[in-house]
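Asker: My structure is below; once you've seen it, I'll send some questions.
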Amino acid sequence: MSDTLTLLFNQLKLPAFNQHYENAQNLALEKAWSYEQFLSHLCEHEVARRFEVRIRNWTKEAKLPRGKSFASLTMNELPSTVQQQVLHLKDNTQWALQADNVLLIGPSGVGKSHIASALGLHLIEQGIRTKWMTATALVQLLQQAKKELELMTLMSRLDKYRVLIIDDMGYVKKTDSETQVLFEFIAHRYESGSLIITSNQPFSHWDQIFPDALMTVAAIDRIIHHATIIELDTESYRKKYSKKSCKF
């Protein structure tokens, strides 16, 4: 390959062309490819490289908990109904493109965060941009943005994530300022982007998050509309594995 072509590929930011050009040229001569076939071959390599880079970058920025993927999730220890719901969400990711929500509700240690993280990683691998945040961290970020008169700017910036995972909704402190920004965020996100929410509090206790009854009902209504609700009420993973390790 000539220095001119190398320079042009670099200027056009086509590293896969640089890497595969000579091999593609040999294949084209061997198989008598047309110019279109030769160019298509190089473009396929470039598209594949860009996809890999994008997925790697999205995985890094998502900040998902380490080690919580479908590979490490013991599905057979989940109730059969939950297994079916989780597998349906995994196999058919259209819900994330339709701004549908997923709610994982149950006591501490039953695998809510693991399922949410596994779904998040799977979505990224399917080309769907996802972000993980604890509910407390999200609220603090929203509060700071509101103080700086940048709340709408922040919420619009978060719109780049097709799916936002909000972990531990039940731990949000019940104050007027936190309630207000969280409600504004939920209202902004409604039918425009998907939420995966984990909570150790059932809906009947969400008045502990939203002190105003009308706000509680309005928030829940927006979240559960077009939503898959997964209720986990099994023995804690941590207790299970603690019992197993005590046997040795």
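Ordering of the structure tokens sets the chain letters (A, B, ...); residue numbers start at 1 within each chain; ligands are numbered from 1 in the order shown.
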May I have a table of the residues of range 50-97 of chain A lying at most 7 Å from range 102-120 of chain A, giving each one's closest pair of atoms and their distance in Å to one decimal, counting only C-alpha atoms, ordered by chain and ascending residue number, as JSON lines?

Answerer:
{"residue": "A:Leu64", "atom": "CA", "partner": "A:Ser117", "partner_atom": "CA", "distance": 6.0}
{"residue": "A:Pro65", "atom": "CA", "partner": "A:Ser117", "partner_atom": "CA", "distance": 6.7}
{"residue": "A:Lys68", "atom": "CA", "partner": "A:His114", "partner_atom": "CA", "distance": 5.1}
{"residue": "A:Ser69", "atom": "CA", "partner": "A:Ala118", "partner_atom": "CA", "distance": 4.0}
{"residue": "A:Phe70", "atom": "CA", "partner": "A:Ala118", "partner_atom": "CA", "distance": 5.1}
{"residue": "A:Lys90", "atom": "CA", "partner": "A:Leu119", "partner_atom": "CA", "distance": 6.6}

Asker: Those same residues - all heavy atoms - I'd like them written as a short mmCIF file (atom, residue, chain, number, x, y, z; two decimals), in the first residue's frame.

Answerer:
data_model
loop_
_atom_site.label_atom_id
_atom_site.label_comp_id
_atom_site.auth_asym_id
_atom_site.auth_seq_id
_atom_site.Cartn_x
_atom_site.Cartn_y
_atom_site.Cartn_z
N LEU A 64 -21.41 0.24 35.35
CA LEU A 64 -22.18 -0.86 35.93
C LEU A 64 -21.36 -1.56 37.02
O LEU A 64 -20.12 -1.57 36.94
CB LEU A 64 -22.55 -1.87 34.84
CG LEU A 64 -23.47 -1.37 33.73
CD1 LEU A 64 -23.46 -2.35 32.57
CD2 LEU A 64 -24.88 -1.18 34.25
N PRO A 65 -22.01 -2.14 38.02
CA PRO A 65 -21.27 -2.87 39.05
C PRO A 65 -20.48 -4.02 38.43
O PRO A 65 -20.98 -4.73 37.56
CB PRO A 65 -22.38 -3.40 39.97
CG PRO A 65 -23.56 -2.54 39.70
CD PRO A 65 -23.46 -2.14 38.26
N LYS A 68 -21.51 -8.32 37.75
CA LYS A 68 -22.95 -8.58 37.78
C LYS A 68 -23.49 -8.63 36.35
O LYS A 68 -24.01 -7.64 35.84
CB LYS A 68 -23.67 -7.53 38.62
CG LYS A 68 -23.33 -7.62 40.10
CD LYS A 68 -24.15 -6.68 40.95
CE LYS A 68 -23.84 -6.86 42.43
NZ LYS A 68 -24.65 -5.98 43.29
N SER A 69 -23.33 -9.79 35.74
CA SER A 69 -23.78 -10.00 34.36
C SER A 69 -24.67 -11.24 34.32
O SER A 69 -24.85 -11.91 35.34
CB SER A 69 -22.56 -10.21 33.44
OG SER A 69 -21.88 -11.40 33.82
N PHE A 70 -25.20 -11.55 33.16
CA PHE A 70 -26.01 -12.76 33.04
C PHE A 70 -25.15 -14.01 33.24
O PHE A 70 -25.64 -15.04 33.70
CB PHE A 70 -26.73 -12.81 31.69
CG PHE A 70 -27.98 -12.00 31.66
CD1 PHE A 70 -28.09 -10.90 30.83
CD2 PHE A 70 -29.05 -12.33 32.47
CE1 PHE A 70 -29.26 -10.13 30.81
CE2 PHE A 70 -30.22 -11.57 32.46
CZ PHE A 70 -30.32 -10.47 31.63
N LYS A 90 -34.51 -9.90 28.17
CA LYS A 90 -33.19 -10.11 27.56
C LYS A 90 -33.32 -10.44 26.07
O LYS A 90 -32.57 -9.90 25.24
CB LYS A 90 -32.46 -11.25 28.27
CG LYS A 90 -31.09 -11.58 27.68
CD LYS A 90 -30.49 -12.80 28.34
CE LYS A 90 -29.16 -13.18 27.67
NZ LYS A 90 -28.61 -14.44 28.20
#

Asker: I'd like to know which residues of range 34-201 of chain A are alpha helix (DSSP H) (by DSSP, run on the backbone); could you write them as JSON, numbers by chain?

Answerer: {"A": [35, 36, 37, 38, 39, 40, 41, 42, 43, 44, 45, 46, 47, 48, 49, 50, 51, 52, 53, 54, 55, 56, 57, 58, 59, 60, 61, 62, 80, 81, 82, 83, 84, 85, 86, 87, 88, 89, 90, 91, 94, 95, 96, 97, 112, 113, 114, 115, 116, 117, 118, 119, 120, 121, 122, 123, 124, 125, 135, 136, 137, 138, 139, 140, 141, 142, 143, 144, 145, 146, 147, 151, 152, 153, 154, 155, 156, 157, 158, 176, 177, 178, 179, 180, 181, 182, 183, 184, 185, 186, 187, 188, 189]}

Asker: From the set A:Ala135, A:Leu87, A:Glu61, A:Leu182, which residue has the shortest atom-to-atom contact distance to Tyr161 in chain A, counting only C-alpha atoms?

Answerer: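 Smallest separation from Tyr161 in chain A among the options: A:Glu61.
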
Asker: Please return as a ChimeraX atom specification: the residues of range 8-228 of chain A that backbone DSSP assigns to strand (DSSP E or B).

Answerer: /A:101-105,130-134,163-167,194-199,227-228

Asker: Selection from above, C-alpha atoms, as a JSON list (two decimals), in the first residue's frame, can you write it?

Answerer:
[["chain", "number", "residue", "atom", "x", "y", "z"],
["A", 101, "ASN", "CA", -39.73, 0.73, 32.03],
["A", 102, "VAL", "CA", -38.62, -2.17, 34.24],
["A", 103, "LEU", "CA", -39.21, -2.20, 37.99],
["A", 104, "LEU", "CA", -37.47, -4.68, 40.28],
["A", 105, "ILE", "CA", -39.07, -4.70, 43.71],
["A", 130, "THR", "CA", -27.23, 2.68, 29.10],
["A", 131, "LYS", "CA", -26.19, 4.39, 32.34],
["A", 132, "TRP", "CA", -26.17, 3.16, 35.97],
["A", 133, "MET", "CA", -26.76, 5.53, 38.90],
["A", 134, "THR", "CA", -27.85, 5.09, 42.49],
["A", 163, "VAL", "CA", -31.92, 3.37, 29.34],
["A", 164, "LEU", "CA", -31.15, 4.76, 32.80],
["A", 165, "ILE", "CA", -30.77, 2.34, 35.68],
["A", 166, "ILE", "CA", -31.73, 3.86, 39.04],
["A", 167, "ASP", "CA", -30.63, 1.63, 41.89],
["A", 194, "SER", "CA", -36.58, 3.82, 29.59],
["A", 195, "LEU", "CA", -35.92, 3.45, 33.30],
["A", 196, "ILE", "CA", -34.83, 0.32, 35.14],
["A", 197, "ILE", "CA", -35.60, 0.95, 38.80],
["A", 198, "THR", "CA", -34.75, -1.21, 41.81],
["A", 199, "SER", "CA", -36.51, -0.62, 45.11],
["A", 227, "ALA", "CA", -43.69, -1.20, 32.48],
["A", 228, "THR", "CA", -42.62, -4.72, 33.39]]

Asker: Find, counting only C-alpha atoms, the residue in A:Pro79, A:Pro211, A:Gly170, A:Gly193 that gets nearest to Asp233 in chain A.

Answerer: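 Closest candidate: A:Pro79.
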
Asker: Just the number, please: distance in Å from CA of Phe17 in chain A to CA of Cys43 in chain A, one decimal.

Answerer: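 Going from CA of Phe17 in chain A over to CA of Cys43 in chain A covers 7.6 Å.
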
Asker: Fewer than 6 positions away in the same chain doesn't count, so skip those; otherwise give me all residues within 8 Å of Ala28 in chain A, counting only C-alpha atoms, as a VMD selection string.

Answerer: chain A and resid 34 37 to 38

Asker: Which residue is closest to Asn18 in chain A? Choose from A:His122, A:Arg189, A:His45, A:Arg66 and count only C-alpha atoms.

Answerer: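 Among the listed residues, A:His45 lies closest to Asn18 in chain A.
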
Asker: Could you give me, as a list in words, the residues within 10 Å of Pro15 in chain A, counting only C-alpha atoms and dropping anything in the same chain fewer than 2 positions from it?

Answerer: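 Non-adjacent residues within range: Thr6, Phe9, Asn10, Gln11, Leu12, Lys13, Phe17, Asn18, Gln19, His20, Tyr21, His45, Glu46, Arg49 and Arg50 of chain A.
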
Asker: Need the shell around Gln25 in chain A: protein/DNA/RNA residues with any atom at most 10 Å away, counting only C-alpha atoms. Skip same-chain ones fewer than 6 positions apart. Format as a ChimeraX atom specification?

Answerer: /A:1,31,33,38-39,41-42

Asker: Could you jot down the CA of Ala219 in chain A to CA of Asn92 in chain A separation for me, Å, one decimal place?

Answerer: 26.2 Å

Asker: Could you tell me how far CA of Ile220 in chain A lies from CA of Phe203 in chain A, in Å and to one decimal?

Answerer: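 Separation between CA of Ile220 in chain A and CA of Phe203 in chain A: 7.5 Å.
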